[in-house]
Every structure is written in C-alpha cells, then in structure tokens.
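Novice: Next comes input-v3.pdb, PDB, C-alpha atoms:
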ATOM      1  CA  LEU Y   1      53.546  36.489  31.649  1.00  0.00           C
ATOM      2  CA  LEU Y   2      50.701  38.078  33.593  1.00  0.00           C
ATOM      3  CA  LEU Y   3      49.001  38.965  30.319  1.00  0.00           C
ATOM      4  CA  ALA Y   4      49.228  35.320  29.167  1.00  0.00           C
ATOM      5  CA  VAL Y   5      47.666  34.116  32.439  1.00  0.00           C
ATOM      6  CA  VAL Y   6      44.833  36.663  32.137  1.00  0.00           C
ATOM      7  CA  LEU Y   7      44.223  35.659  28.503  1.00  0.00           C
ATOM      8  CA  ALA Y   8      44.209  31.964  29.475  1.00  0.00           C
ATOM      9  CA  LEU Y   9      41.689  32.620  32.267  1.00  0.00           C
ATOM     10  CA  ALA Y  10      39.558  34.666  29.882  1.00  0.00           C
ATOM     11  CA  ALA Y  11      39.712  31.833  27.313  1.00  0.00           C
ATOM     12  CA  LEU Y  12      38.755  29.295  30.008  1.00  0.00           C
ATOM     13  CA  ILE Y  13      35.638  31.327  30.700  1.00  0.00           C
ATOM     14  CA  ALA Y  14      34.829  32.578  27.181  1.00  0.00           C
ATOM     15  CA  ILE Y  15      35.217  29.324  25.185  1.00  0.00           C
ATOM     16  CA  PRO Y  16      32.748  27.239  27.287  1.00  0.00           C
ATOM     17  CA  ALA Y  17      30.329  30.185  27.344  1.00  0.00           C
ATOM     18  CA  TYR Y  18      30.586  30.475  23.558  1.00  0.00           C
ATOM     19  CA  LYS Y  19      30.050  26.706  23.082  1.00  0.00           C
ATOM     20  CA  LEU Y  20      27.082  26.775  25.451  1.00  0.00           C
ATOM     21  CA  HIS Y  21      25.618  29.740  23.575  1.00  0.00           C
ATOM     22  CA  GLU Y  22      26.140  27.948  20.273  1.00  0.00           C
ATOM     23  CA  HIS Y  23      24.424  24.787  21.619  1.00  0.00           C
ATOM     24  CA  TYR Y  24      21.378  26.702  22.832  1.00  0.00           C
ATOM     25  CA  ASP Y  25      21.146  28.651  19.568  1.00  0.00           C
ATOM     26  CA  ALA Y  26      20.996  25.385  17.629  1.00  0.00           C
ATOM     27  CA  ALA Y  27      18.396  23.942  20.023  1.00  0.00           C
ATOM     28  CA  LEU Y  28      16.325  27.135  19.808  1.00  0.00           C
ATOM     29  CA  GLU Y  29      16.482  27.086  16.006  1.00  0.00           C
ATOM     30  CA  SER Y  30      15.356  23.432  15.948  1.00  0.00           C
ATOM     31  CA  LEU Y  31      12.449  24.118  18.288  1.00  0.00           C
ATOM     32  CA  GLN Y  32      11.442  27.179  16.261  1.00  0.00           C
ATOM     33  CA  PHE Y  33      11.353  25.063  13.079  1.00  0.00           C
ATOM     34  CA  ARG Y  34       9.198  22.403  14.792  1.00  0.00           C
ATOM     35  CA  PHE Y  35       6.912  25.096  16.213  1.00  0.00           C
ATOM     36  CA  ASN Y  36       6.369  26.619  12.765  1.00  0.00           C
ATOM     37  CA  LYS Y  37       5.610  23.170  11.307  1.00  0.00           C
ATOM     38  CA  LEU Y  38       3.079  22.434  14.049  1.00  0.00           C
ATOM     39  CA  ARG Y  39       1.517  25.859  13.601  1.00  0.00           C
ATOM     40  CA  GLY Y  40       1.030  25.042   9.904  1.00  0.00           C
ATOM     41  CA  VAL Y  41      -0.597  21.719  10.784  1.00  0.00           C
ATOM     42  CA  ALA Y  42      -2.860  23.420  13.320  1.00  0.00           C
ATOM     43  CA  ALA Y  43      -3.926  25.937  10.661  1.00  0.00           C
ATOM     44  CA  GLN Y  44      -5.221  23.039   8.535  1.00  0.00           C
ATOM     45  CA  LYS Y  45      -7.369  21.632  11.339  1.00  0.00           C
ATOM     46  CA  GLY Y  46     -10.638  22.952   9.889  1.00  0.00           C
ATOM     47  CA  GLU Y  47     -10.068  21.386   6.467  1.00  0.00           C
ATOM     48  CA  ILE Y  48      -8.947  18.096   7.963  1.00  0.00           C
ATOM     49  CA  GLN Y  49     -11.989  18.022  10.267  1.00  0.00           C
ATOM     50  CA  LYS Y  50     -14.354  18.589   7.294  1.00  0.00           C
ATOM     51  CA  THR Y  51     -12.673  15.822   5.302  1.00  0.00           C
ATOM     52  CA  LEU Y  52     -12.755  13.468   8.273  1.00  0.00           C
ATOM     53  CA  THR Y  53     -16.487  13.987   8.821  1.00  0.00           C
ATOM     54  CA  ALA Y  54     -17.101  13.433   5.093  1.00  0.00           C
ATOM     55  CA  VAL Y  55     -15.153  10.160   5.180  1.00  0.00           C
ATOM     56  CA  LYS Y  56     -16.957   9.022   8.334  1.00  0.00           C
ATOM     57  CA  GLY Y  57     -20.277   9.740   6.624  1.00  0.00           C
ATOM     58  CA  GLU Y  58     -19.489   7.481   3.662  1.00  0.00           C
ATOM     59  CA  SER Y  59     -20.427   3.838   3.669  1.00  0.00           C
ATOM     60  CA  ALA Y  60     -17.342   1.651   3.938  1.00  0.00           C
ATOM     61  CA  ALA Y  61     -19.367  -1.426   2.964  1.00  0.00           C
ATOM     62  CA  ARG Y  62     -18.765  -0.783  -0.737  1.00  0.00           C
ATOM     63  CA  PHE Y  63     -15.062  -1.580  -0.288  1.00  0.00           C
ATOM     64  CA  PHE Y  64     -15.778  -5.085   1.064  1.00  0.00           C
ATOM     65  CA  LEU Y  65     -17.446  -8.190  -0.300  1.00  0.00           C
ATOM     66  CA  LYS Y  66     -21.208  -8.163   0.278  1.00  0.00           C
ATOM     67  CA  ASN Y  67     -21.508 -11.698   1.621  1.00  0.00           C
ATOM     68  CA  SER Y  68     -20.169 -12.501   5.064  1.00  0.00           C
ATOM     69  CA  ALA Y  69     -20.389 -16.308   4.829  1.00  0.00           C
ATOM     70  CA  PRO Y  70     -17.032 -17.701   3.638  1.00  0.00           C
ATOM     71  CA  ASN Y  71     -18.477 -19.857   0.839  1.00  0.00           C
ATOM     72  CA  LEU Y  72     -20.707 -17.067  -0.513  1.00  0.00           C
ATOM     73  CA  ALA Y  73     -17.912 -14.517  -0.254  1.00  0.00           C
ATOM     74  CA  GLY Y  74     -15.606 -16.937  -2.114  1.00  0.00           C
ATOM     75  CA  SER Y  75     -18.212 -17.299  -4.849  1.00  0.00           C
ATOM     76  CA  GLU Y  76     -18.615 -13.530  -5.073  1.00  0.00           C
ATOM     77  CA  LEU Y  77     -14.852 -13.105  -5.383  1.00  0.00           C
ATOM     78  CA  GLN Y  78     -14.754 -15.801  -8.093  1.00  0.00           C
ATOM     79  CA  ASP Y  79     -17.384 -13.870 -10.060  1.00  0.00           C
ATOM     80  CA  LEU Y  80     -15.349 -10.672  -9.748  1.00  0.00           C
ATOM     81  CA  VAL Y  81     -12.199 -12.448 -10.945  1.00  0.00           C
ATOM     82  CA  ARG Y  82     -14.000 -14.091 -13.872  1.00  0.00           C
ATOM     83  CA  ALA Y  83     -15.390 -10.736 -14.985  1.00  0.00           C
ATOM     84  CA  ALA Y  84     -11.943  -9.096 -14.745  1.00  0.00           C
ATOM     85  CA  VAL Y  85     -10.260 -11.917 -16.700  1.00  0.00           C
ATOM     86  CA  GLU Y  86     -12.928 -11.765 -19.427  1.00  0.00           C
ATOM     87  CA  LYS Y  87     -12.662  -7.966 -19.552  1.00  0.00           C
ATOM     88  CA  GLY Y  88      -8.888  -8.236 -19.924  1.00  0.00           C
ATOM     89  CA  GLY Y  89      -9.105 -10.840 -22.687  1.00  0.00           C
ATOM     90  CA  ALA Y  90      -7.191 -13.645 -20.933  1.00  0.00           C
ATOM     91  CA  ARG Y  91      -8.339 -17.250 -20.357  1.00  0.00           C
ATOM     92  CA  LEU Y  92      -9.102 -18.528 -16.881  1.00  0.00           C
ATOM     93  CA  THR Y  93      -7.835 -22.100 -16.463  1.00  0.00           C
ATOM     94  CA  SER Y  94      -8.374 -22.789 -12.756  1.00  0.00           C
ATOM     95  CA  VAL Y  95      -9.738 -21.209  -9.596  1.00  0.00           C
ATOM     96  CA  GLN Y  96      -9.360 -22.614  -6.094  1.00  0.00           C
ATOM     97  CA  VAL Y  97     -10.701 -21.093  -2.917  1.00  0.00           C
ATOM     98  CA  ALA Y  98      -8.181 -21.212  -0.070  1.00  0.00           C
ATOM     99  CA  ALA Y  99      -9.094 -21.328   3.594  1.00  0.00           C
ATOM    100  CA  PRO Y 100     -10.351 -17.948   4.842  1.00  0.00           C
ATOM    101  CA  LYS Y 101      -8.375 -16.103   7.503  1.00  0.00           C
ATOM    102  CA  GLU Y 102     -10.011 -14.025  10.206  1.00  0.00           C
ATOM    103  CA  GLU Y 103      -8.429 -10.655  10.893  1.00  0.00           C
ATOM    104  CA  GLY Y 104     -10.312  -8.851  13.631  1.00  0.00           C
ATOM    105  CA  ARG Y 105     -13.760  -7.825  12.387  1.00  0.00           C
ATOM    106  CA  TYR Y 106     -13.029  -8.969   8.835  1.00  0.00           C
ATOM    107  CA  ARG Y 107     -12.432 -12.240   7.041  1.00  0.00           C
ATOM    108  CA  GLN Y 108      -9.845 -12.465   4.274  1.00  0.00           C
ATOM    109  CA  ILE Y 109     -11.086 -14.561   1.344  1.00  0.00           C
ATOM    110  CA  VAL Y 110      -8.225 -15.904  -0.804  1.00  0.00           C
ATOM    111  CA  LEU Y 111      -8.364 -17.417  -4.301  1.00  0.00           C
ATOM    112  CA  ASN Y 112      -5.593 -19.258  -6.123  1.00  0.00           C
ATOM    113  CA  VAL Y 113      -6.109 -18.462  -9.798  1.00  0.00           C
ATOM    114  CA  GLN Y 114      -4.342 -19.591 -12.969  1.00  0.00           C
ATOM    115  CA  VAL Y 115      -4.705 -17.522 -16.144  1.00  0.00           C
ATOM    116  CA  ILE Y 116      -3.252 -17.871 -19.655  1.00  0.00           C
ATOM    117  CA  GLY Y 117      -2.715 -14.855 -21.879  1.00  0.00           C
ATOM    118  CA  ASN Y 118      -0.130 -12.492 -23.265  1.00  0.00           C
ATOM    119  CA  ILE Y 119       1.407  -9.573 -21.428  1.00  0.00           C
ATOM    120  CA  MET Y 120      -1.167  -7.030 -22.657  1.00  0.00           C
ATOM    121  CA  THR Y 121      -4.118  -9.165 -21.566  1.00  0.00           C
ATOM    122  CA  LEU Y 122      -2.388  -9.704 -18.219  1.00  0.00           C
ATOM    123  CA  GLN Y 123      -1.983  -5.963 -17.784  1.00  0.00           C
ATOM    124  CA  LYS Y 124      -5.650  -5.341 -18.596  1.00  0.00           C
ATOM    125  CA  THR Y 125      -6.741  -8.112 -16.228  1.00  0.00           C
ATOM    126  CA  LEU Y 126      -4.645  -6.788 -13.345  1.00  0.00           C
ATOM    127  CA  HIS Y 127      -5.934  -3.274 -13.948  1.00  0.00           C
ATOM    128  CA  ALA Y 128      -9.537  -4.505 -13.933  1.00  0.00           C
ATOM    129  CA  LEU Y 129      -8.921  -6.430 -10.702  1.00  0.00           C
ATOM    130  CA  GLU Y 130      -7.209  -3.685  -8.760  1.00  0.00           C
ATOM    131  CA  SER Y 131      -9.236  -0.687  -9.904  1.00  0.00           C
ATOM    132  CA  GLY Y 132     -12.731  -1.982  -9.192  1.00  0.00           C
ATOM    133  CA  LEU Y 133     -14.959  -2.128  -6.148  1.00  0.00           C
ATOM    134  CA  PRO Y 134     -14.931  -3.980  -3.812  1.00  0.00           C
ATOM    135  CA  TYR Y 135     -11.190  -3.794  -3.275  1.00  0.00           C
ATOM    136  CA  VAL Y 136      -9.354  -6.874  -4.575  1.00  0.00           C
ATOM    137  CA  PHE Y 137      -5.684  -7.413  -3.784  1.00  0.00           C
ATOM    138  CA  VAL Y 138      -3.113  -9.400  -5.762  1.00  0.00           C
ATOM    139  CA  ASP Y 139      -0.957 -10.934  -3.031  1.00  0.00           C
ATOM    140  CA  THR Y 140       1.396 -13.027  -5.175  1.00  0.00           C
ATOM    141  CA  LEU Y 141       2.008 -13.212  -8.893  1.00  0.00           C
ATOM    142  CA  ARG Y 142       4.025 -15.870 -10.729  1.00  0.00           C
ATOM    143  CA  ILE Y 143       4.556 -15.683 -14.475  1.00  0.00           C
ATOM    144  CA  ASN Y 144       5.805 -18.689 -16.456  1.00  0.00           C
ATOM    145  CA  SER Y 145       6.398 -18.892 -20.174  1.00  0.00           C
ATOM    146  CA  THR Y 146       4.379 -21.458 -22.125  1.00  0.00           C
ATOM    147  CA  GLN Y 147       7.157 -21.826 -24.694  1.00  0.00           C
ATOM    148  CA  PHE Y 148      10.255 -23.877 -24.123  1.00  0.00           C
ATOM    149  CA  ARG Y 149      13.676 -22.244 -24.188  1.00  0.00           C
ATOM    150  CA  GLY Y 150      15.057 -21.651 -27.653  1.00  0.00           C
ATOM    151  CA  ALA Y 151      11.662 -21.791 -29.380  1.00  0.00           C
ATOM    152  CA  ARG Y 152      11.148 -19.446 -32.274  1.00  0.00           C
ATOM    153  CA  THR Y 153       8.473 -16.865 -31.786  1.00  0.00           C
ATOM    154  CA  ASN Y 154       6.197 -15.704 -34.551  1.00  0.00           C
ATOM    155  CA  PRO Y 155       6.920 -12.118 -35.502  1.00  0.00           C
ATOM    156  CA  GLY Y 156       4.143  -9.739 -34.520  1.00  0.00           C
ATOM    157  CA  LEU Y 157       2.633 -12.138 -31.971  1.00  0.00           C
ATOM    158  CA  GLU Y 158       3.242 -11.810 -28.290  1.00  0.00           C
ATOM    159  CA  PRO Y 159       4.021 -15.134 -26.628  1.00  0.00           C
ATOM    160  CA  GLU Y 160       1.515 -16.456 -24.137  1.00  0.00           C
ATOM    161  CA  VAL Y 161       2.362 -16.867 -20.482  1.00  0.00           C
ATOM    162  CA  THR Y 162       0.825 -18.797 -17.636  1.00  0.00           C
ATOM    163  CA  VAL Y 163       0.091 -16.607 -14.647  1.00  0.00           C
ATOM    164  CA  GLN Y 164      -0.601 -17.905 -11.160  1.00  0.00           C
ATOM    165  CA  LEU Y 165      -2.170 -15.373  -8.802  1.00  0.00           C
ATOM    166  CA  ASP Y 166      -3.152 -15.350  -5.162  1.00  0.00           C
ATOM    167  CA  ILE Y 167      -6.025 -12.880  -4.991  1.00  0.00           C
ATOM    168  CA  SER Y 168      -7.724 -11.738  -1.809  1.00  0.00           C
ATOM    169  CA  ALA Y 169     -10.614  -9.563  -0.698  1.00  0.00           C
ATOM    170  CA  TYR Y 170     -12.170  -8.856   2.663  1.00  0.00           C
ATOM    171  CA  ALA Y 171     -15.664  -9.586   3.939  1.00  0.00           C
ATOM    172  CA  PRO Y 172     -17.137  -8.350   7.216  1.00  0.00           C
ATOM    173  CA  ILE Y 173     -17.829 -10.912   9.896  1.00  0.00           C
ATOM    174  CA  THR Y 174     -21.397 -10.577  11.112  1.00  0.00           C
ATOM    175  CA  GLY Y 175     -21.933 -10.489  14.850  1.00  0.00           C
ATOM    176  CA  LYS Y 176     -18.545  -8.911  15.727  1.00  0.00           C
TER     177      LYS Y 176
END
Would you kindly transcribe this structure into structure tokens?
Specialist:
Amino acid sequence: LLLAVVLALAALIAIPAYKLHEHYDAALESLQFRFNKLRGVAAQKGEIQKTLTAVKGESAARFFLKNSAPNLAGSELQDLVRAAVEKGGARLTSVQVAAPKEEGRYRQIVLNVQVIGNIMTLQKTLHALESGLPYVFVDTLRINSTQFRGARTNPGLEPEVTVQLDISAYAPITGK
C-alpha cells in the first residue's frame, strides 16, 4: 500500500513535469523553425535591396495613360482599345466612356465596349489588351451568342459572339 502511495505521488509530480517539458519542446521547435525562416529572409536582404533600388529607378509613368485630363485620357484609352480590337481581328460596334473615378493620386478611366467576333478573335483581342503598355484592365466581360437557340452552325466556321467589356486604365492626376 505504501508503494502504491509513493508511485501515485511520483506520478503526480512526473506527469505534469513531462507534459510541461513536452509543451516547451514543441514551442522551442516552432520558434526554431521561425528563426531559421527569418534568417533565410535576412540572408536575401542584399538581393532584395538591389532589386528595390532598380524598381525605384524605373519610370512608373509608362504603366499609366499619358494624359491626365479625363476626356483626353478617355480618348487615349479608346485608341488603345481600337488598336487591340483591330489587331485581334474582331469588329468594334460601340464604345462609351463612363464617368471617371478618382482613387487617391490616380483617376480610373472606364470604357464600356461592345465587340463582335468569334472566340479566337476574342482571345487575340483580350491578349492584346492585357499584355500591352500602359496597363489596361478588363473589369467585366459578358459574352452573348449571336445565333438563336437551335440554329444550325456551318461546319468549319466558328459562330460569332457579341462581347460586352468594361475596360479600365489609370491616369495620374496632376497637382496631387
């Protein structure tokens, strides 16, 4: 009976000590992992600093529309869209300039565009829009078929679709 009491007392002391040791081992292992990760990041500081100075040295103006006036920036964006649609092989049916939105030091110029073409010309047009400079963003895209349901398609010809796009680009606001 005395042996059972001694073993119980030893278990009352040993089990919490073991659990506490286990908890601190896990915490130490977690902190060691984080420390090694941060050491790796710190080792890359020189490369990151060089890249950051190179990026700061570049002119960011090439990513924005050249004109800061809303009507001139809208016209510039229309010219970019027309060129992309012609390059892609689609047909531009309408272009409307929406009201510009000011976002800090920049003004967002938005166009509502309607294009007719097949899927391949649409793909080429979107690629031309999104891969050029200044940056042009396609905010919304709606595709509608020009054929009614149940119509027979000509073999070898891709059916045409009507595409409605909301396209935007940013122009700097002068004086801010």
Novice: Determine, counting only C-alpha atoms, which protein, DNA and RNA residues have an atom within 9 Å of an atom of Y:Glu102; residues of the same chain fewer than 6 positions away are not included. Present the result as a list in words.
Specialist: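 The filter keeps Gln108, Ile109 and Ile173 of chain Y.
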Novice: For the provided coordinates, the residues matched by the PyMOL selection byres ((chain Y and resi 65-69) around 6) should be stated as a ChimeraX atom specification.
Specialist: /Y:64,70-73,171-173
Novice: Fewer than 4 positions away in the same chain doesn't count, so skip those; otherwise give me all residues within 7 Å of stretch 74-91 of chain Y, counting only C-alpha atoms, as a list in words.
Specialist: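 In the requested format, the answer is Pro70, Val97, Ile109, Val115, Ile116, Gly117, Thr121, Leu122, Lys124, Thr125, Ala128 and Leu129 of chain Y.
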Novice: Residues at most 12 Å from Y:Asp139, counting only C-alpha atoms, excluding those fewer than 6 positions away in the same chain, as JSON, numbers by chain?
Specialist: {"Y": [108, 109, 110, 111, 112, 113, 126, 129, 130, 164, 165, 166, 167, 168, 169]}
Novice: Rounded to one decimal place, report the atom CA of Y:Pro16-atom CA of Y:Phe33 distance in Å.
Specialist: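 Straight-line distance from atom CA of Y:Pro16 to atom CA of Y:Phe33 works out to 25.8 Å.
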Novice: Between atom CA of Y:Val6 and atom CA of Y:Asp25, what distance in Å does the model show, to one decimal?
Specialist: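 Atom-to-atom, atom CA of Y:Val6 and atom CA of Y:Asp25 are spaced 28.0 Å apart.
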Novice: Specify as a PyMOL selection string each residue included when the PyMOL selection byres ((chain Y and resi 161) around 6) is applied to this file.
Specialist: chain Y and resi 116-118+144-146+160+162
Novice: Between atom CA of Y:Ile143 and atom CA of Y:Pro159, what is the distance, to one decimal in Å?
Specialist: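 These atoms are spaced 12.2 Å apart.
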Novice: Which residue out of Y:Leu157, Y:Ile13, Y:Ala4, Y:Val163 has the minimum interatomic distance to Y:Ser94 when all atoms listed in the file are used?
Specialist: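 Closest to Y:Ser94 of all the choices is Y:Val163.
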Novice: For stretch 90-101 of chain Y, supply all heavy atoms and report the output as a CSV table (one decimal), in the frame of the given file.
Specialist:
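Written file, part02.csv:
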chain,number,residue,atom,x,y,z
Y,90,ALA,N,-8.0,-12.4,-21.2
Y,90,ALA,CA,-7.2,-13.6,-20.9
Y,90,ALA,C,-8.1,-14.8,-20.8
Y,90,ALA,O,-9.4,-14.7,-20.9
Y,90,ALA,CB,-6.4,-13.4,-19.7
Y,91,ARG,N,-7.5,-16.0,-20.6
Y,91,ARG,CA,-8.3,-17.2,-20.4
Y,91,ARG,C,-8.1,-17.8,-18.9
Y,91,ARG,O,-7.0,-18.0,-18.5
Y,91,ARG,CB,-7.9,-18.3,-21.4
Y,91,ARG,CG,-8.3,-18.0,-22.8
Y,91,ARG,CD,-8.0,-19.1,-23.8
Y,91,ARG,NE,-6.8,-19.9,-23.5
Y,91,ARG,CZ,-5.6,-19.6,-24.1
Y,91,ARG,NH1,-5.5,-18.6,-25.0
Y,91,ARG,NH2,-4.5,-20.3,-23.9
Y,92,LEU,N,-9.2,-18.0,-18.2
Y,92,LEU,CA,-9.1,-18.5,-16.9
Y,92,LEU,C,-9.0,-20.0,-17.0
Y,92,LEU,O,-9.9,-20.7,-17.5
Y,92,LEU,CB,-10.3,-18.1,-16.1
Y,92,LEU,CG,-10.4,-18.3,-14.6
Y,92,LEU,CD1,-9.3,-17.6,-13.9
Y,92,LEU,CD2,-11.7,-17.9,-14.1
Y,93,THR,N,-8.0,-20.6,-16.4
Y,93,THR,CA,-7.8,-22.1,-16.5
Y,93,THR,C,-8.2,-22.8,-15.2
Y,93,THR,O,-8.7,-23.9,-15.2
Y,93,THR,CB,-6.4,-22.5,-16.9
Y,93,THR,OG1,-5.5,-22.0,-15.9
Y,93,THR,CG2,-6.1,-22.0,-18.3
Y,94,SER,N,-8.0,-22.2,-14.0
Y,94,SER,CA,-8.4,-22.8,-12.8
Y,94,SER,C,-8.5,-21.7,-11.7
Y,94,SER,O,-7.9,-20.7,-11.7
Y,94,SER,CB,-7.4,-23.8,-12.3
Y,94,SER,OG,-6.2,-23.2,-11.8
Y,95,VAL,N,-9.5,-22.1,-10.8
Y,95,VAL,CA,-9.7,-21.2,-9.6
Y,95,VAL,C,-9.9,-22.1,-8.4
Y,95,VAL,O,-10.7,-23.1,-8.5
Y,95,VAL,CB,-11.0,-20.4,-9.8
Y,95,VAL,CG1,-11.3,-19.5,-8.6
Y,95,VAL,CG2,-10.9,-19.5,-11.0
Y,96,GLN,N,-9.2,-21.8,-7.3
Y,96,GLN,CA,-9.4,-22.6,-6.1
Y,96,GLN,C,-9.5,-21.6,-4.9
Y,96,GLN,O,-8.8,-20.7,-4.8
Y,96,GLN,CB,-8.1,-23.5,-5.8
Y,96,GLN,CG,-7.9,-24.6,-6.9
Y,96,GLN,CD,-6.7,-25.4,-6.6
Y,96,GLN,OE1,-5.8,-24.9,-5.8
Y,96,GLN,NE2,-6.5,-26.5,-7.2
Y,97,VAL,N,-10.5,-21.9,-4.1
Y,97,VAL,CA,-10.7,-21.1,-2.9
Y,97,VAL,C,-9.9,-21.7,-1.8
Y,97,VAL,O,-10.0,-22.8,-1.4
Y,97,VAL,CB,-12.2,-21.1,-2.5
Y,97,VAL,CG1,-12.4,-20.2,-1.3
Y,97,VAL,CG2,-13.0,-20.6,-3.7
Y,98,ALA,N,-9.0,-20.8,-1.2
Y,98,ALA,CA,-8.2,-21.2,-0.1
Y,98,ALA,C,-9.0,-21.0,1.2
Y,98,ALA,O,-10.0,-20.4,1.2
Y,98,ALA,CB,-6.9,-20.4,-0.1
Y,99,ALA,N,-8.4,-21.5,2.3
Y,99,ALA,CA,-9.1,-21.3,3.6
Y,99,ALA,C,-9.1,-19.8,4.0
Y,99,ALA,O,-8.1,-19.2,3.9
Y,99,ALA,CB,-8.4,-22.1,4.7
Y,100,PRO,N,-10.3,-19.4,4.4
Y,100,PRO,CA,-10.4,-17.9,4.8
Y,100,PRO,C,-9.6,-17.7,6.1
Y,100,PRO,O,-9.4,-18.6,7.0
Y,100,PRO,CB,-11.8,-17.7,5.0
Y,100,PRO,CG,-12.4,-19.0,5.2
Y,100,PRO,CD,-11.6,-20.0,4.5
Y,101,LYS,N,-9.1,-16.5,6.3
Y,101,LYS,CA,-8.4,-16.1,7.5
Y,101,LYS,C,-9.1,-15.0,8.2
Y,101,LYS,O,-9.5,-14.0,7.5
Y,101,LYS,CB,-7.0,-15.6,7.1
Y,101,LYS,CG,-6.1,-16.6,6.4
Y,101,LYS,CD,-4.8,-16.0,5.9
Y,101,LYS,CE,-4.2,-16.9,4.9
Y,101,LYS,NZ,-3.1,-16.2,4.2
